[in-house]
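**Student:** This one is run.txt, compact mmCIF, N, CA and C atoms.
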# COMPACT_ATOMS: atom_id res chain seq x y z
N MET U 163 0.84 -1.18 0.00
CA MET U 163 0.00 0.00 0.00
C MET U 163 0.89 1.24 0.00
N THR U 164 0.62 2.16 -0.87
CA THR U 164 1.34 3.42 -0.91
C THR U 164 0.62 4.42 -0.01
N ILE U 165 1.37 4.99 0.92
CA ILE U 165 0.81 6.00 1.82
C ILE U 165 1.30 7.34 1.31
N ASP U 166 0.39 8.10 0.67
CA ASP U 166 0.81 9.31 -0.01
C ASP U 166 -0.03 10.54 0.33
N ARG U 167 -0.86 10.46 1.35
CA ARG U 167 -1.65 11.64 1.72
C ARG U 167 -1.90 11.67 3.22
N PRO U 168 -2.03 12.86 3.80
CA PRO U 168 -2.32 12.97 5.23
C PRO U 168 -3.65 12.29 5.58
N ASN U 169 -3.73 11.80 6.80
CA ASN U 169 -4.92 11.14 7.36
C ASN U 169 -5.28 9.85 6.65
N GLN U 170 -4.37 9.28 5.91
CA GLN U 170 -4.61 7.98 5.30
C GLN U 170 -4.31 6.87 6.31
N VAL U 171 -3.14 6.95 6.97
CA VAL U 171 -2.74 5.95 7.96
C VAL U 171 -2.11 6.66 9.15
N TRP U 172 -2.55 6.27 10.34
CA TRP U 172 -1.95 6.75 11.60
C TRP U 172 -1.41 5.55 12.35
N CYS U 173 -0.44 5.80 13.21
CA CYS U 173 0.01 4.78 14.14
C CYS U 173 -0.07 5.35 15.55
N ALA U 174 -0.20 4.48 16.52
CA ALA U 174 -0.25 4.89 17.93
C ALA U 174 0.57 3.91 18.74
N ASP U 175 1.24 4.42 19.75
CA ASP U 175 2.03 3.56 20.62
C ASP U 175 2.12 4.17 22.01
N ILE U 176 2.35 3.31 22.98
CA ILE U 176 2.53 3.73 24.37
C ILE U 176 3.92 3.29 24.80
N THR U 177 4.61 4.15 25.52
CA THR U 177 5.89 3.79 26.10
C THR U 177 5.93 4.27 27.54
N PHE U 178 6.82 3.69 28.33
CA PHE U 178 6.96 4.14 29.71
C PHE U 178 8.28 4.86 29.87
N ILE U 179 8.26 5.83 30.78
CA ILE U 179 9.44 6.65 31.05
C ILE U 179 9.77 6.49 32.53
N PRO U 180 10.91 5.89 32.87
CA PRO U 180 11.27 5.74 34.28
C PRO U 180 11.56 7.11 34.90
N VAL U 181 10.99 7.34 36.07
CA VAL U 181 11.26 8.54 36.85
C VAL U 181 11.59 8.11 38.27
N LYS U 182 11.99 9.03 39.11
CA LYS U 182 12.46 8.72 40.46
C LYS U 182 11.48 7.87 41.26
N CYS U 183 10.21 8.17 41.16
CA CYS U 183 9.20 7.49 42.00
C CYS U 183 8.35 6.49 41.22
N GLY U 184 8.81 5.98 40.10
CA GLY U 184 8.02 5.01 39.34
C GLY U 184 8.15 5.24 37.85
N PHE U 185 6.99 5.37 37.19
CA PHE U 185 6.97 5.53 35.74
C PHE U 185 5.94 6.56 35.32
N LEU U 186 6.20 7.21 34.18
CA LEU U 186 5.20 7.98 33.46
C LEU U 186 4.94 7.24 32.17
N TYR U 187 3.74 7.39 31.64
CA TYR U 187 3.34 6.69 30.43
C TYR U 187 3.00 7.70 29.35
N LEU U 188 3.57 7.51 28.17
CA LEU U 188 3.40 8.44 27.05
C LEU U 188 2.70 7.71 25.91
N VAL U 189 1.61 8.29 25.43
CA VAL U 189 0.97 7.78 24.22
C VAL U 189 1.16 8.84 23.14
N ALA U 190 1.50 8.39 21.95
CA ALA U 190 1.67 9.29 20.81
C ALA U 190 0.93 8.72 19.61
N ILE U 191 0.28 9.61 18.86
CA ILE U 191 -0.41 9.25 17.63
C ILE U 191 0.27 10.02 16.51
N MET U 192 0.72 9.29 15.49
CA MET U 192 1.52 9.89 14.43
C MET U 192 0.91 9.58 13.06
N GLY U 193 0.98 10.55 12.17
CA GLY U 193 0.56 10.34 10.79
C GLY U 193 1.73 9.80 9.98
N TRP U 194 1.52 8.70 9.28
CA TRP U 194 2.61 8.07 8.54
C TRP U 194 3.04 8.88 7.32
N ALA U 195 2.13 9.55 6.66
CA ALA U 195 2.47 10.26 5.42
C ALA U 195 3.54 11.33 5.65
N LYS U 196 3.38 12.10 6.72
CA LYS U 196 4.34 13.17 7.00
C LYS U 196 5.25 12.85 8.18
N ARG U 197 5.02 11.70 8.82
CA ARG U 197 5.80 11.28 9.99
C ARG U 197 5.82 12.38 11.05
N LYS U 198 4.63 12.85 11.37
CA LYS U 198 4.46 13.95 12.32
C LYS U 198 3.57 13.48 13.46
N VAL U 199 3.93 13.85 14.70
CA VAL U 199 3.09 13.54 15.85
C VAL U 199 1.85 14.43 15.79
N LEU U 200 0.69 13.80 15.78
CA LEU U 200 -0.57 14.53 15.68
C LEU U 200 -1.18 14.83 17.04
N SER U 201 -0.93 13.96 18.01
CA SER U 201 -1.45 14.14 19.37
C SER U 201 -0.64 13.28 20.32
N TRP U 202 -0.52 13.72 21.56
CA TRP U 202 0.17 12.94 22.58
C TRP U 202 -0.37 13.30 23.96
N ARG U 203 -0.23 12.39 24.88
CA ARG U 203 -0.63 12.61 26.27
C ARG U 203 0.35 11.88 27.18
N LEU U 204 0.49 12.40 28.38
CA LEU U 204 1.36 11.83 29.40
C LEU U 204 0.51 11.53 30.63
N SER U 205 0.74 10.38 31.27
CA SER U 205 -0.04 10.00 32.44
C SER U 205 0.86 9.31 33.46
N ASN U 206 0.45 9.36 34.72
CA ASN U 206 1.18 8.62 35.75
C ASN U 206 0.50 7.29 36.09
N THR U 207 -0.55 6.93 35.34
CA THR U 207 -1.21 5.63 35.49
C THR U 207 -1.39 5.01 34.10
N MET U 208 -1.65 3.71 34.09
CA MET U 208 -1.89 3.01 32.83
C MET U 208 -3.38 2.89 32.51
N HIS U 209 -4.20 3.72 33.13
CA HIS U 209 -5.62 3.72 32.80
C HIS U 209 -5.79 4.21 31.36
N ALA U 210 -6.80 3.71 30.68
CA ALA U 210 -6.99 3.99 29.25
C ALA U 210 -7.43 5.42 28.95
N ASP U 211 -7.86 6.16 29.96
CA ASP U 211 -8.46 7.48 29.69
C ASP U 211 -7.51 8.45 28.99
N PHE U 212 -6.22 8.41 29.25
CA PHE U 212 -5.31 9.34 28.57
C PHE U 212 -5.14 8.96 27.10
N CYS U 213 -5.25 7.69 26.78
CA CYS U 213 -5.19 7.24 25.38
C CYS U 213 -6.46 7.66 24.64
N VAL U 214 -7.61 7.47 25.28
CA VAL U 214 -8.88 7.87 24.68
C VAL U 214 -8.90 9.38 24.47
N GLU U 215 -8.37 10.14 25.42
CA GLU U 215 -8.30 11.60 25.29
C GLU U 215 -7.45 12.01 24.09
N ALA U 216 -6.31 11.35 23.88
CA ALA U 216 -5.46 11.67 22.73
C ALA U 216 -6.17 11.34 21.42
N LEU U 217 -6.86 10.21 21.37
CA LEU U 217 -7.61 9.84 20.16
C LEU U 217 -8.77 10.81 19.90
N THR U 218 -9.49 11.17 20.94
CA THR U 218 -10.60 12.12 20.80
C THR U 218 -10.09 13.46 20.27
N ASP U 219 -8.95 13.89 20.79
CA ASP U 219 -8.34 15.15 20.35
C ASP U 219 -7.97 15.09 18.87
N VAL U 220 -7.30 14.03 18.45
CA VAL U 220 -6.85 13.95 17.06
C VAL U 220 -8.02 13.74 16.09
N PHE U 221 -9.04 12.98 16.49
CA PHE U 221 -10.22 12.83 15.65
C PHE U 221 -10.93 14.16 15.48
N GLY U 222 -10.98 14.97 16.55
CA GLY U 222 -11.61 16.29 16.48
C GLY U 222 -10.87 17.24 15.56
N LYS U 223 -9.55 17.13 15.51
CA LYS U 223 -8.74 18.02 14.67
C LYS U 223 -8.74 17.60 13.20
N PHE U 224 -8.63 16.30 12.95
CA PHE U 224 -8.39 15.81 11.59
C PHE U 224 -9.47 14.89 11.03
N GLY U 225 -10.41 14.45 11.85
CA GLY U 225 -11.37 13.44 11.42
C GLY U 225 -10.70 12.08 11.44
N PRO U 226 -11.45 11.01 11.19
CA PRO U 226 -10.87 9.67 11.26
C PRO U 226 -10.03 9.34 10.02
N PRO U 227 -8.93 8.61 10.20
CA PRO U 227 -8.15 8.15 9.06
C PRO U 227 -8.75 6.88 8.47
N LYS U 228 -8.19 6.43 7.36
CA LYS U 228 -8.60 5.14 6.80
C LYS U 228 -8.15 3.99 7.68
N ILE U 229 -6.91 4.07 8.20
CA ILE U 229 -6.32 2.98 8.99
C ILE U 229 -5.63 3.58 10.22
N VAL U 230 -5.81 2.92 11.38
CA VAL U 230 -5.04 3.24 12.58
C VAL U 230 -4.31 1.96 12.96
N ASN U 231 -2.99 2.01 13.01
CA ASN U 231 -2.16 0.87 13.33
C ASN U 231 -1.62 1.03 14.75
N THR U 232 -1.83 0.03 15.59
CA THR U 232 -1.26 0.03 16.94
C THR U 232 -0.59 -1.31 17.18
N ASP U 233 0.28 -1.35 18.17
CA ASP U 233 0.93 -2.61 18.54
C ASP U 233 -0.01 -3.46 19.36
Take the structure from the file and write it as structure tokens.
**Tutor:**
Amino acid sequence: MTIDRPNQVWCADITFIPVKCGFLYLVAIMGWAKRKVLSWRLSNTMHADFCVEALTDVFGKFGPPKIVNTD
């Protein structure tokens, strides 16, 4: 598949960041066409609400893509 336009394919991933008292969790949503971060959120818990918030934000700004790829 050729990815040649914005909002065609997005990817999302979560990573953890070690800090002195535990971990912070970062979710990022990126557009593959321009390889640009479209939305991100940071949380001190692994509850899904910060991921849903990032998706809601990016859908509100750009509308839904054709494909969202996550791990």
**Student:** For CA of Gly184 in chain U and CA of Ser201 in chain U, quote the distance in Å rounded to one decimal.
**Tutor:**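 So the two atoms, CA of Gly184 in chain U and CA of Ser201 in chain U, lie 23.9 Å apart.
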**Student:** Rounded to one decimal place, report the CA of Ile176 in chain U-CA of Val199 in chain U distance in Å.
**Tutor:**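 So the two atoms, CA of Ile176 in chain U and CA of Val199 in chain U, lie 13.0 Å apart.
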**Student:** If we draw a sphere of 5 Å around (-0.9, 7.8, 26.7), which residues have at least one atom in it when counting only N, CA and C atoms? Please report them as a ChimeraX atom specification.
**Tutor:** /U:187-189,203,212-213
**Student:** Taking only chain U into account, list the residues labelled helix (DSSP H, G or I) by DSSP (computed from the backbone), as a list in words.
**Tutor:**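 Across chain U, those assigned helix (DSSP H, G or I) are Asp211, Phe212, Cys213, Val214, Glu215, Ala216, Leu217, Thr218, Asp219, Val220, Phe221, Gly222, Lys223 and Phe224 of chain U.
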**Student:** Point out the residue among U:Phe185, U:Leu217, U:Asp233, U:Pro227 with the least atom-to-atom distance to Trp172 in chain U, counting only N, CA and C atoms.
**Tutor:**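 Using only N, CA and C atoms, Trp172 in chain U sits closest to U:Pro227.
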**Student:** Just checking: using all atoms listed in the file, which residue out of U:Cys183, U:Met163, U:Ile229, U:Ile191 ends up closest to Ala216 in chain U?
**Tutor:**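 Comparing U:Cys183, U:Met163, U:Ile229, U:Ile191 against Ala216 in chain U, the winner is U:Ile191.
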**Student:** Give me, please, the distance in Å between atom N of Thr218 in chain U and atom C of Thr177 in chain U, quoted to one decimal.
**Tutor:**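 If I compute the distance from atom N of Thr218 in chain U to atom C of Thr177 in chain U, I get 18.1 Å.
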**Student:** Give the answer as one residue: which of U:Cys173, U:Asn231, U:Phe178, U:Ile165 has the shortest atom-to-atom distance to Met208 in chain U, using only C-alpha atoms?
**Tutor:**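 Smallest separation from Met208 in chain U among the options: U:Phe178.
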**Student:** Counting all atoms listed in the file, which residue out of U:Asp175, U:Asp219, U:Asp211, U:Asp166 sits closest to Ala190 in chain U?
**Tutor:**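 Among U:Asp175, U:Asp219, U:Asp211, U:Asp166, it is U:Asp175 that comes nearest to Ala190 in chain U.
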**Student:** Using only N, CA and C atoms, which residues sit within 6.5 Å of Val171 in chain U once same-chain residues fewer than 3 positions away are excluded, as a PyMOL selection string?
**Tutor:** chain U and resi 167-168+192-195+227-231
**Student:** Could you check the closest approach to Phe221 in chain U for each of U:His209, U:Leu186, U:Leu200, U:Ile179 and tell me which residue wins, using only C-alpha atoms?
**Tutor:**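 Between U:His209, U:Leu186, U:Leu200, U:Ile179, the residue approaching Phe221 in chain U most closely is U:Leu200.
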**Student:** Calculated over only C-alpha atoms, which of the candidates U:Lys198, U:Lys182, U:Thr207, U:Asn169 has the smallest distance to Pro226 in chain U?
**Tutor:**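 Looking only at the distances to Pro226 in chain U, the closest residue turns out to be U:Asn169.
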